[in-house]
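Asks: I am sharing start_21.csv, which consists of CSV, C-alpha atoms and all ligand atoms:
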```csv
chain,number,residue,atom,x,y,z
Q,1,MET,CA,54.1,28.7,-3.1
Q,2,THR,CA,55.2,25.4,-1.4
Q,3,THR,CA,56.4,26.1,2.1
Q,4,VAL,CA,59.3,24.2,3.5
Q,5,ASP,CA,58.0,22.5,6.6
Q,6,SER,CA,54.7,24.4,6.7
Q,7,ALA,CA,53.9,24.6,10.4
Q,8,PRO,CA,50.5,25.5,11.9
Q,9,THR,CA,52.4,27.8,14.2
Q,10,ALA,CA,54.0,30.0,11.6
Q,11,LEU,CA,55.0,33.3,13.3
Q,12,ARG,CA,53.1,35.2,10.6
Q,13,PRO,CA,50.7,33.1,8.6
Q,14,HIS,CA,49.7,34.4,5.1
Q,15,ALA,CA,46.4,36.3,4.9
Q,16,GLU,CA,44.7,33.4,3.1
Q,17,GLU,CA,45.6,31.1,5.9
Q,18,ASP,CA,45.0,33.5,8.8
Q,19,PHE,CA,41.5,34.5,7.4
Q,20,ALA,CA,40.6,31.3,5.7
Q,21,GLU,CA,37.3,31.0,7.5
Q,22,GLU,CA,36.2,34.5,6.6
Q,23,LEU,CA,37.2,34.0,3.0
Q,24,ARG,CA,35.3,30.7,2.8
Q,25,ALA,CA,32.2,32.3,4.3
Q,26,LEU,CA,32.4,35.2,2.0
Q,27,ALA,CA,32.8,33.1,-1.1
Q,28,ALA,CA,29.8,30.9,0.0
Q,29,ALA,CA,27.5,33.9,0.6
Q,30,ASP,CA,28.6,35.7,-2.6
Q,31,ASP,CA,26.1,35.5,-5.5
Q,32,ARG,CA,27.4,38.4,-7.5
Q,33,PRO,CA,29.2,37.9,-10.8
Q,34,ARG,CA,32.9,37.1,-10.5
Q,35,PRO,CA,35.5,38.1,-13.0
Q,36,PRO,CA,37.4,35.2,-14.6
Q,37,ARG,CA,39.2,33.1,-12.0
Q,38,TRP,CA,38.3,35.3,-9.1
Q,39,ARG,CA,37.5,33.5,-5.9
Q,40,MET,CA,34.7,36.0,-5.2
Q,41,SER,CA,33.1,39.0,-6.7
Q,42,PRO,CA,34.6,42.5,-6.4
Q,43,TRP,CA,31.9,43.4,-4.0
Q,44,ALA,CA,32.9,40.5,-1.7
Q,45,VAL,CA,36.6,41.4,-1.9
Q,46,SER,CA,35.8,44.9,-0.7
Q,47,ARG,CA,33.6,43.5,2.0
Q,48,TYR,CA,36.6,41.3,3.1
Q,49,LEU,CA,38.8,44.4,3.3
Q,50,LEU,CA,36.3,46.7,5.0
Q,51,GLY,CA,34.6,44.2,7.2
Q,52,GLY,CA,30.9,43.7,7.9
Q,53,THR,CA,28.4,41.0,8.9
Q,54,LEU,CA,27.1,38.4,6.4
Q,55,PRO,CA,23.5,37.3,6.2
Q,56,ASP,CA,24.4,34.0,8.0
Q,57,GLY,CA,25.9,36.0,10.9
Q,58,THR,CA,29.5,35.5,10.1
Q,59,VAL,CA,31.5,38.6,11.2
Q,60,ILE,CA,34.1,39.8,8.7
Q,61,SER,CA,36.8,41.7,10.5
Q,62,PRO,CA,37.9,45.0,8.9
Q,63,LYS,CA,41.4,44.7,7.5
Q,64,TYR,CA,41.6,48.2,6.2
Q,65,VAL,CA,40.3,51.2,8.1
Q,66,GLY,CA,39.9,54.1,5.7
Q,67,PRO,CA,37.8,55.5,2.9
Q,68,ARG,CA,35.5,52.9,1.3
Q,69,ARG,CA,36.0,54.4,-2.1
Q,70,VAL,CA,39.7,53.8,-2.0
Q,71,VAL,CA,39.1,50.1,-1.6
Q,72,GLU,CA,36.4,50.0,-4.2
Q,73,VAL,CA,38.6,51.7,-6.8
Q,74,ALA,CA,41.5,49.4,-6.0
Q,75,VAL,CA,39.4,46.3,-6.3
Q,76,SER,CA,37.6,47.3,-9.5
Q,77,THR,CA,41.0,48.2,-11.1
Q,78,LEU,CA,42.0,44.6,-10.6
Q,79,ALA,CA,39.0,43.5,-12.7
Q,80,THR,CA,40.2,45.6,-15.6
Q,81,ASP,CA,43.3,45.2,-17.8
Q,82,ARG,CA,45.2,47.9,-15.9
Q,83,ALA,CA,47.5,47.1,-13.0
Q,84,LEU,CA,47.1,48.6,-9.6
Q,85,LEU,CA,49.7,50.8,-7.9
Q,86,LEU,CA,49.2,51.5,-4.2
Q,87,LEU,CA,51.0,54.7,-3.3
Q,88,GLY,CA,51.4,56.5,0.0
Q,89,VAL,CA,53.7,57.6,2.8
Q,90,PRO,CA,55.3,54.8,4.9
Q,91,GLY,CA,53.1,52.8,7.1
Q,92,THR,CA,49.8,53.5,5.4
Q,93,ALA,CA,49.0,49.8,4.9
Q,94,LYS,CA,50.1,49.5,1.2
Q,95,THR,CA,51.7,46.1,1.8
Q,96,TRP,CA,48.9,45.0,4.0
Q,97,VAL,CA,46.2,45.9,1.5
Q,98,SER,CA,48.1,44.3,-1.4
Q,99,GLU,CA,48.4,41.0,0.5
Q,100,HIS,CA,44.8,41.0,1.4
Q,101,LEU,CA,43.7,41.8,-2.1
Q,102,ALA,CA,45.7,38.9,-3.5
Q,103,ALA,CA,44.4,36.6,-0.8
Q,104,ALA,CA,40.8,37.5,-1.5
Q,105,VAL,CA,40.9,37.6,-5.3
Q,106,SER,CA,43.2,34.6,-6.0
Q,107,GLY,CA,43.5,32.8,-2.7
Q,108,ASP,CA,47.2,33.2,-2.9
Q,109,SER,CA,49.2,36.2,-1.7
Q,110,THR,CA,52.6,34.6,-2.0
Q,111,LEU,CA,53.5,35.4,-5.7
Q,112,LEU,CA,55.7,38.3,-4.6
Q,113,VAL,CA,58.6,40.1,-6.0
Q,114,GLN,CA,60.4,42.3,-3.5
Q,115,GLY,CA,61.8,45.4,-5.1
Q,116,THR,CA,65.3,46.5,-4.1
Q,117,ALA,CA,68.2,48.2,-5.7
Q,118,GLY,CA,69.6,44.7,-6.3
Q,119,THR,CA,66.4,43.1,-7.9
Q,120,ALA,CA,67.4,41.5,-11.1
Q,121,GLU,CA,65.4,41.0,-14.3
Q,122,GLU,CA,65.1,37.3,-13.5
Q,123,ALA,CA,62.9,38.1,-10.5
Q,124,VAL,CA,60.4,39.7,-12.8
Q,125,ARG,CA,60.8,37.4,-15.9
Q,126,TYR,CA,62.4,34.0,-15.4
Q,127,GLY,CA,65.7,32.4,-14.6
Q,128,TRP,CA,67.4,29.1,-15.3
Q,129,ASN,CA,68.3,26.1,-13.3
Q,130,TYR,CA,71.9,26.0,-14.3
Q,131,ALA,CA,72.5,22.3,-13.6
Q,132,ARG,CA,69.6,21.4,-16.0
Q,133,LEU,CA,70.7,24.0,-18.5
Q,134,LEU,CA,74.1,22.4,-18.6
Q,135,THR,CA,72.9,18.8,-18.9
Q,136,SER,CA,70.0,19.3,-21.2
Q,137,GLY,CA,70.2,22.8,-22.7
Q,138,PRO,CA,67.5,25.4,-22.6
Q,139,SER,CA,64.2,23.7,-22.1
Q,140,ARG,CA,60.9,24.3,-20.4
Q,141,GLU,CA,62.2,22.1,-17.5
Q,142,ALA,CA,65.3,24.2,-17.0
Q,143,LEU,CA,63.4,27.4,-16.9
Q,144,VAL,CA,62.7,28.8,-13.4
Q,145,PRO,CA,59.6,31.0,-13.7
Q,146,SER,CA,59.4,34.2,-11.6
Q,147,PRO,CA,56.4,34.8,-9.4
Q,148,VAL,CA,55.0,37.1,-12.1
Q,149,MET,CA,55.4,34.4,-14.8
Q,150,ARG,CA,53.6,32.0,-12.6
Q,151,ALA,CA,50.8,34.4,-11.9
Q,152,MET,CA,50.4,35.0,-15.7
Q,153,SER,CA,50.1,31.3,-16.5
Q,154,GLU,CA,47.8,30.6,-13.6
Q,155,GLY,CA,45.6,33.7,-14.1
Q,156,VAL,CA,46.1,35.1,-10.6
Q,157,ILE,CA,47.4,38.2,-8.9
Q,158,ALA,CA,51.1,38.8,-8.6
Q,159,ARG,CA,52.5,41.4,-6.2
Q,160,VAL,CA,55.5,43.7,-6.6
Q,161,GLU,CA,56.7,45.4,-3.4
Q,162,GLU,CA,58.5,48.7,-3.5
Q,163,LEU,CA,58.3,49.1,-7.3
Q,164,THR,CA,60.3,52.3,-7.4
Q,165,ARG,CA,63.3,50.8,-5.6
Q,166,MET,CA,63.9,48.5,-8.5
Q,167,PRO,CA,66.4,49.6,-11.1
Q,168,ALA,CA,64.8,51.2,-14.2
Q,169,ASP,CA,65.7,48.4,-16.6
Q,170,VAL,CA,64.0,45.9,-14.3
Q,171,GLN,CA,60.9,48.1,-14.0
Q,172,ASP,CA,60.9,48.2,-17.8
Q,173,ALA,CA,60.6,44.5,-18.0
Q,174,LEU,CA,57.1,44.9,-16.6
Q,175,ILE,CA,56.0,47.2,-19.5
Q,176,THR,CA,55.7,44.3,-22.1
Q,177,ILE,CA,54.1,42.1,-19.5
Q,178,LEU,CA,51.5,44.7,-18.6
Q,179,SER,CA,50.8,46.0,-22.1
Q,180,GLU,CA,51.1,42.9,-24.2
Q,181,LYS,CA,50.1,40.5,-21.4
Q,182,THR,CA,52.8,38.1,-22.6
Q,183,LEU,CA,56.3,37.2,-21.6
Q,184,PRO,CA,58.5,36.1,-24.5
Q,185,VAL,CA,61.2,33.4,-23.8
Q,186,PRO,CA,63.4,33.9,-26.8
Q,187,GLU,CA,65.8,31.1,-25.8
Q,188,LEU,CA,63.0,28.6,-26.3
Q,189,GLY,CA,61.2,30.5,-29.2
Q,190,GLN,CA,58.1,30.5,-27.0
Q,191,GLU,CA,56.1,32.9,-25.0
Q,192,VAL,CA,54.0,32.7,-21.9
Q,193,GLN,CA,50.7,34.4,-22.4
Q,194,ALA,CA,48.8,35.7,-19.4
Q,195,VAL,CA,45.6,33.8,-18.6
Q,196,ARG,CA,42.5,35.8,-17.9
Q,197,GLY,CA,42.5,36.7,-14.2
Q,198,PHE,CA,46.1,37.7,-14.2
Q,199,ASN,CA,46.9,41.2,-12.8
Q,200,LEU,CA,49.5,42.9,-10.8
Q,201,VAL,CA,49.4,44.9,-7.5
Q,202,ALA,CA,52.5,47.0,-6.9
Q,203,THR,CA,53.3,49.2,-3.9
Q,204,ALA,CA,55.5,52.3,-3.8
Q,205,ASN,CA,56.5,54.7,-1.1
Q,206,ASP,CA,56.0,58.4,-1.5
Q,207,ARG,CA,59.2,59.1,0.3
Q,208,ASP,CA,61.2,57.1,-2.1
Q,209,ARG,CA,60.5,59.4,-4.9
Q,210,GLY,CA,63.8,60.1,-6.6
Q,211,VAL,CA,65.3,56.7,-5.7
Q,212,ASN,CA,64.1,55.3,-9.1
Q,213,GLU,CA,61.4,57.4,-10.5
Q,214,LEU,CA,58.7,55.4,-12.2
Q,215,SER,CA,59.0,55.8,-16.0
Q,216,SER,CA,56.0,57.5,-17.5
Q,217,ALA,CA,55.6,54.5,-19.9
Q,218,LEU,CA,55.2,52.2,-16.9
Q,219,ARG,CA,53.1,54.6,-14.9
Q,220,ARG,CA,50.6,54.7,-17.7
Q,221,ARG,CA,50.0,51.0,-17.2
Q,222,PHE,CA,48.9,51.4,-13.6
Q,223,ASN,CA,45.9,52.9,-12.0
Q,224,THR,CA,47.3,54.7,-9.0
Q,225,VAL,CA,45.5,54.6,-5.7
Q,226,VAL,CA,46.9,56.7,-2.9
Q,227,LEU,CA,46.4,55.3,0.6
Q,228,PRO,CA,45.9,58.3,3.0
Q,229,LEU,CA,47.1,58.7,6.5
Q,230,PRO,CA,44.3,57.9,9.0
Q,231,ALA,CA,41.8,60.8,8.9
Q,232,SER,CA,41.2,61.2,12.6
Q,233,ALA,CA,42.8,60.3,15.9
Q,234,GLU,CA,39.8,58.0,16.5
Q,235,ALA,CA,40.4,56.1,13.3
Q,236,GLU,CA,44.1,55.8,14.1
Q,237,VAL,CA,43.3,54.5,17.6
Q,238,GLU,CA,41.0,51.9,16.1
Q,239,ILE,CA,43.7,50.7,13.6
Q,240,VAL,CA,46.3,50.5,16.3
Q,241,ALA,CA,44.1,48.7,18.9
Q,242,ARG,CA,42.9,46.2,16.3
Q,243,ARG,CA,46.4,45.4,15.0
Q,244,VAL,CA,47.9,45.2,18.4
Q,245,GLU,CA,45.3,42.9,19.5
Q,246,GLN,CA,45.9,40.6,16.5
Q,247,LEU,CA,49.6,40.7,16.9
Q,248,GLY,CA,49.3,40.2,20.6
Q,249,ARG,CA,47.3,37.1,20.0
Q,250,SER,CA,49.9,35.6,17.6
Q,251,LEU,CA,52.6,36.4,20.2
Q,252,ASP,CA,50.6,34.9,23.0
Q,253,LEU,CA,50.4,38.2,24.9
Q,254,PRO,CA,47.5,38.7,27.2
Q,255,PRO,CA,44.5,40.6,25.7
Q,256,LEU,CA,44.6,44.3,26.0
Q,257,PRO,CA,42.7,45.1,29.2
Q,258,ASP,CA,41.8,48.7,29.2
Q,259,GLY,CA,44.8,49.8,27.3
Q,260,VAL,CA,42.8,52.1,24.9
Q,261,ALA,CA,43.3,55.2,27.0
Q,262,GLU,CA,47.1,54.8,26.8
Q,263,ILE,CA,46.9,54.1,23.1
Q,264,ARG,CA,44.9,57.3,22.7
Q,265,ARG,CA,47.7,59.3,24.3
Q,266,VAL,CA,50.4,57.7,22.1
Q,267,VAL,CA,48.3,58.4,19.0
Q,268,THR,CA,47.9,62.0,20.1
Q,269,VAL,CA,51.7,62.4,20.5
Q,270,PHE,CA,52.4,60.9,17.1
Q,271,ARG,CA,49.7,62.9,15.3
Q,272,GLU,CA,50.7,66.2,16.9
Q,273,LEU,CA,54.4,65.8,16.1
Q,274,ARG,CA,53.6,64.5,12.6
Q,275,GLU,CA,51.3,67.5,11.8
Q,276,GLY,CA,53.4,70.1,13.6
Q,277,ALA,CA,50.6,71.4,15.7
Q,278,THR,CA,48.7,70.5,18.9
Q,279,GLU,CA,45.3,68.9,18.5
Q,280,ASP,CA,43.5,72.1,19.4
Q,281,GLY,CA,45.6,73.9,16.8
Q,282,ARG,CA,46.8,76.5,19.3
Q,283,THR,CA,50.5,75.6,19.5
Q,284,LYS,CA,52.8,75.2,16.5
Q,285,LEU,CA,55.3,72.4,16.9
Q,286,LYS,CA,58.5,71.4,15.2
Q,287,SER,CA,58.4,67.9,13.6
Q,288,PRO,CA,61.1,65.3,14.1
Q,289,SER,CA,62.9,63.7,11.2
Q,290,GLY,CA,61.3,60.3,11.5
Q,291,THR,CA,58.0,59.3,9.8
Q,292,LEU,CA,56.0,58.5,13.0
Q,293,SER,CA,53.8,56.2,10.9
Q,294,THR,CA,50.9,54.2,12.0
Q,295,ALA,CA,53.1,51.1,11.6
Q,296,GLU,CA,55.6,52.6,14.2
Q,297,LEU,CA,52.7,53.3,16.5
Q,298,ILE,CA,51.7,49.7,16.3
Q,299,SER,CA,55.1,48.5,17.2
Q,300,VAL,CA,55.4,51.0,20.1
Q,301,VAL,CA,52.1,49.8,21.6
Q,302,THR,CA,52.9,46.1,21.0
Q,303,GLY,CA,56.3,46.6,22.7
Q,304,GLY,CA,54.5,48.3,25.6
Q,305,LEU,CA,52.0,45.5,25.9
Q,306,ALA,CA,54.9,43.0,26.1
Q,307,LEU,CA,56.6,45.1,28.8
Q,308,SER,CA,53.4,45.3,30.9
Q,309,ALA,CA,52.6,41.6,30.4
Q,310,HIS,CA,56.1,40.4,31.5
Q,311,PHE,CA,57.3,43.1,33.9
Q,312,GLY,CA,54.2,45.1,34.8
Q,313,ASP,CA,50.8,44.5,36.2
Q,314,GLY,CA,49.2,43.6,32.8
Q,315,VAL,CA,47.7,47.0,32.3
Q,316,LEU,CA,49.2,49.2,29.7
Q,317,ARG,CA,50.6,52.2,31.4
Q,318,ALA,CA,52.7,55.3,30.5
Q,319,ASP,CA,56.0,53.7,31.6
Q,320,ASP,CA,55.3,50.7,29.3
Q,321,VAL,CA,55.1,52.9,26.2
Q,322,ALA,CA,57.4,55.8,27.1
Q,323,ALA,CA,60.7,54.2,26.0
Q,324,GLY,CA,59.1,53.2,22.7
Q,325,VAL,CA,57.7,56.6,22.1
Q,326,VAL,CA,61.0,58.4,22.8
Q,327,GLY,CA,62.8,55.8,20.5
Q,328,ALA,CA,60.4,56.5,17.7
Q,329,VAL,CA,60.5,60.2,17.9
Q,330,VAL,CA,64.2,60.7,18.6
Q,331,ARG,CA,65.9,59.2,15.5
Q,332,ASP,CA,68.5,61.8,15.2
Q,333,PRO,CA,70.0,62.2,18.7
Q,334,ALA,CA,70.9,65.8,18.1
Q,335,ALA,CA,68.1,67.6,16.3
Q,336,ASP,CA,65.2,65.3,17.3
Q,337,ALA,CA,66.2,65.4,20.9
Q,338,VAL,CA,65.7,69.1,21.0
Q,339,VAL,CA,62.3,68.9,19.2
Q,340,TRP,CA,61.2,66.2,21.7
Q,341,ARG,CA,62.4,68.1,24.8
Q,342,GLU,CA,60.5,71.2,23.7
Q,343,TYR,CA,57.3,69.2,23.0
Q,344,LEU,CA,57.6,67.4,26.4
Q,345,GLU,CA,58.1,70.6,28.4
Q,346,THR,CA,55.7,72.9,26.6
Q,347,VAL,CA,52.8,70.5,25.7
Q,348,VAL,CA,53.0,67.2,27.6
Q,349,ARG,CA,53.9,68.8,30.9
Q,350,GLU,CA,51.0,71.2,30.9
Q,351,ARG,CA,48.3,68.8,29.8
Q,352,GLU,CA,45.7,67.8,32.3
Q,353,GLY,CA,45.9,64.2,33.4
Q,354,TRP,CA,49.2,63.6,31.6
Q,355,LYS,CA,51.5,63.8,34.7
Q,356,ASP,CA,52.3,60.1,34.7
Q,357,PHE,CA,53.1,60.2,31.0
Q,358,TYR,CA,55.3,63.2,31.4
Q,359,ARG,CA,57.3,61.6,34.2
Q,360,ALA,CA,57.6,58.3,32.3
Q,361,CYS,CA,58.9,60.1,29.2
Q,362,ARG,CA,61.4,62.1,31.2
Q,363,GLU,CA,62.7,59.0,32.8
Q,364,ALA,CA,62.9,57.2,29.5
Q,365,ALA,CA,64.9,60.0,27.9
Q,366,ALA,CA,67.3,60.2,30.8
E,1,LIG,N1,44.4,52.4,7.5
E,1,LIG,C1,44.8,51.3,8.0
E,1,LIG,N2,44.0,50.2,8.2
E,1,LIG,C2,44.4,49.1,8.8
E,1,LIG,N3,45.7,48.8,9.1
E,1,LIG,C3,46.6,49.8,8.9
E,1,LIG,C4,46.2,51.1,8.4
E,1,LIG,N4,47.3,51.9,8.3
E,1,LIG,C5,48.3,51.1,8.8
E,1,LIG,N5,47.9,49.9,9.1
E,1,LIG,C6,48.7,48.9,9.7
E,1,LIG,O1,50.1,49.3,9.7
E,1,LIG,C7,50.9,48.2,9.5
E,1,LIG,C8,52.0,48.6,8.5
E,1,LIG,O2,51.4,48.6,7.2
E,1,LIG,P1,52.2,48.3,5.9
E,1,LIG,O3,53.5,47.6,6.2
E,1,LIG,O4,51.3,47.7,5.0
E,1,LIG,O5,52.6,49.8,5.5
E,1,LIG,P2,53.3,50.2,4.1
E,1,LIG,O6,52.4,51.3,3.6
E,1,LIG,O7,53.5,49.1,3.2
E,1,LIG,O8,54.6,50.9,4.6
E,1,LIG,P3,56.0,51.0,3.9
E,1,LIG,O9,55.9,52.2,2.9
E,1,LIG,O10,57.0,51.3,5.0
E,1,LIG,O11,56.3,49.7,3.2
E,1,LIG,C9,50.1,47.0,9.2
E,1,LIG,O12,50.1,46.2,10.3
E,1,LIG,C10,48.7,47.6,8.9
E,1,LIG,O13,47.8,46.7,9.4
E,2,MG,MG,55.3,48.2,2.5
```
Mind converting the file's structure to structure tokens?

Replies:
Amino acid sequence: MTTVDSAPTALRPHAEEDFAEELRALAAADDRPRPPRWRMSPWAVSRYLLGGTLPDGTVISPKYVGPRRVVEVAVSTLATDRALLLLGVPGTAKTWVSEHLAAAVSGDSTLLVQGTAGTAEEAVRYGWNYARLLTSGPSREALVPSPVMRAMSEGVIARVEELTRMPADVQDALITILSEKTLPVPELGQEVQAVRGFNLVATANDRDRGVNELSSALRRRFNTVVLPLPASAEAEVEIVARRVEQLGRSLDLPPLPDGVAEIRRVVTVFRELREGATEDGRTKLKSPSGTLSTAELISVVTGGLALSAHFGDGVLRADDVAAGVVGAVVRDPAADAVVWREYLETVVREREGWKDFYRACREAAA
């Protein structure tokens, strides 16, 4: 995609720009066979996602923290003629993984269709430049290709976000593309055939089920890979610390000095409320209405880091994160507030070494 005024200080650079150095080093070190038009082998793509150290000493940072097999199945699907559907509850890195897959396989993660209730067929197929259409009639020049059409003709990966939010007829437009690997343009009596290397990564949210159920015809064209919630508190702390550090760097926040202990507590709170039981399994808890996803954890901690940097002493403390935690847990001011109060008084208050956290949360809720 051509960027208007592409600045080196983009607030959020695309994965292929942000990790250009890693991608280059991986491609250079990679001597395994590459599928047509892939920038690197499936093995190197999964290395890019999972992280590791190359023979020349280059460190590849882990992008995805989770089961290796999940990544391997996702990557190898893209080397077949089936498309990839990343499914999971909110905040399980579906969008994140899809972006990095496209960046590693094709060097371009920007061929993206965002699925919403208002997504029109043109976003998946093609549209027209009406000025040209009026002056010169339907022609190749007047045609405005969709990201999917461009990916087909260039033999690269296209991305569809939130597939199940798109209306059923728009979803159906993908069926011909995925089964016939062609996109007919009847107005021109032509078709655009997919070049080898083309494939599609879609994401869909578990919780959206029922919004627009995926038709079985379309589902059959996808290999579904479910991204799980982080398996352990340690894994979740690692994900949060890593992402907060990256985000903090791009926001010019100071590095996280010794904030991991505080992150550990916030992760514990989120996991306990999400699972409806304390970590030791002894106390049953009511769960609040919100999702309490890893993504929300990341923003609570990033917010806390900004607070401590600008108004605190630069160390992440309980009162930096308390307001964020309460805000994430108490979505519905009536029911969730009761759940939170009960958790605070029965669990947080009694826990050894959590007095400061308890006090900060009480103040934040007041
Ligand atoms: N297992 C994980 N490994 C690495 N990062 C993760 C993991 N889980 C969540 N994240 C981080 O959480 C953030 C949110 O992820 P993302 O937006 O991709 O979630 P999503 O599954 O697309 O959610 P939604 O369903 O709301 O669209 C990202 O910054 C991502 O890095
Ligand atoms: Mg997403």

Asks: In Å, rounded to a single decimal, give me how far atom CA of Gly91 of chain Q is from atom P3 of ligand LIG 1 (chain E).

Replies: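 Atom P3 of ligand LIG 1 (chain E) sits 4.7 Å away from atom CA of Gly91 of chain Q.
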
Asks: Measuring atom to atom with only C-alpha atoms, identify which of Q:Pro228, Q:Pro35, Q:Gly276, Q:Gly303 is nearest to Ser76 of chain Q.

Replies: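 So, comparing all the options, the nearest one is Q:Pro35.
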
Asks: What is the distance, in Å and to one decimal place, between atom CA of Thr294 of chain Q and atom C5 of ligand LIG 1 (chain E)?

Replies: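 Taking atom CA of Thr294 of chain Q and atom C5 of ligand LIG 1 (chain E), their separation equals 5.2 Å.
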
Asks: Hey, can you pull every residue with an atom no more than 10 Å from (24.3, 34.8, 5.2), using all atoms listed in the file, and send it as a list in words?

Replies: Ala25, Leu26, Ala28, Ala29, Asp30, Thr53, Leu54, Pro55, Asp56, Gly57 and Thr58 of chain Q

Asks: Got a sec to check which residues lie within 12 Å of ligand MG 2 (chain E), using all atoms listed in the file, and send them as number ranges by chain?

Replies: Q: 86-99, 114-115, 159-165, 202-208, 227, 293, 295

Asks: Could you give me, as a ChimeraX atom specification, the residues that have an atom at most 12 Å away from the point (68.0, 47.5, -15.7) in the coordinates of the file, using only C-alpha atoms?

Replies: /Q:116-124,165-174,212

Asks: Could you tell me which of Q:Ala322, Q:Val348, Q:Ala235, Q:Met40 comes closest to Ala365 of chain Q if we count only C-alpha atoms?

Replies: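 Once distances to Ala365 of chain Q are computed over only C-alpha atoms, the minimum belongs to Q:Ala322.
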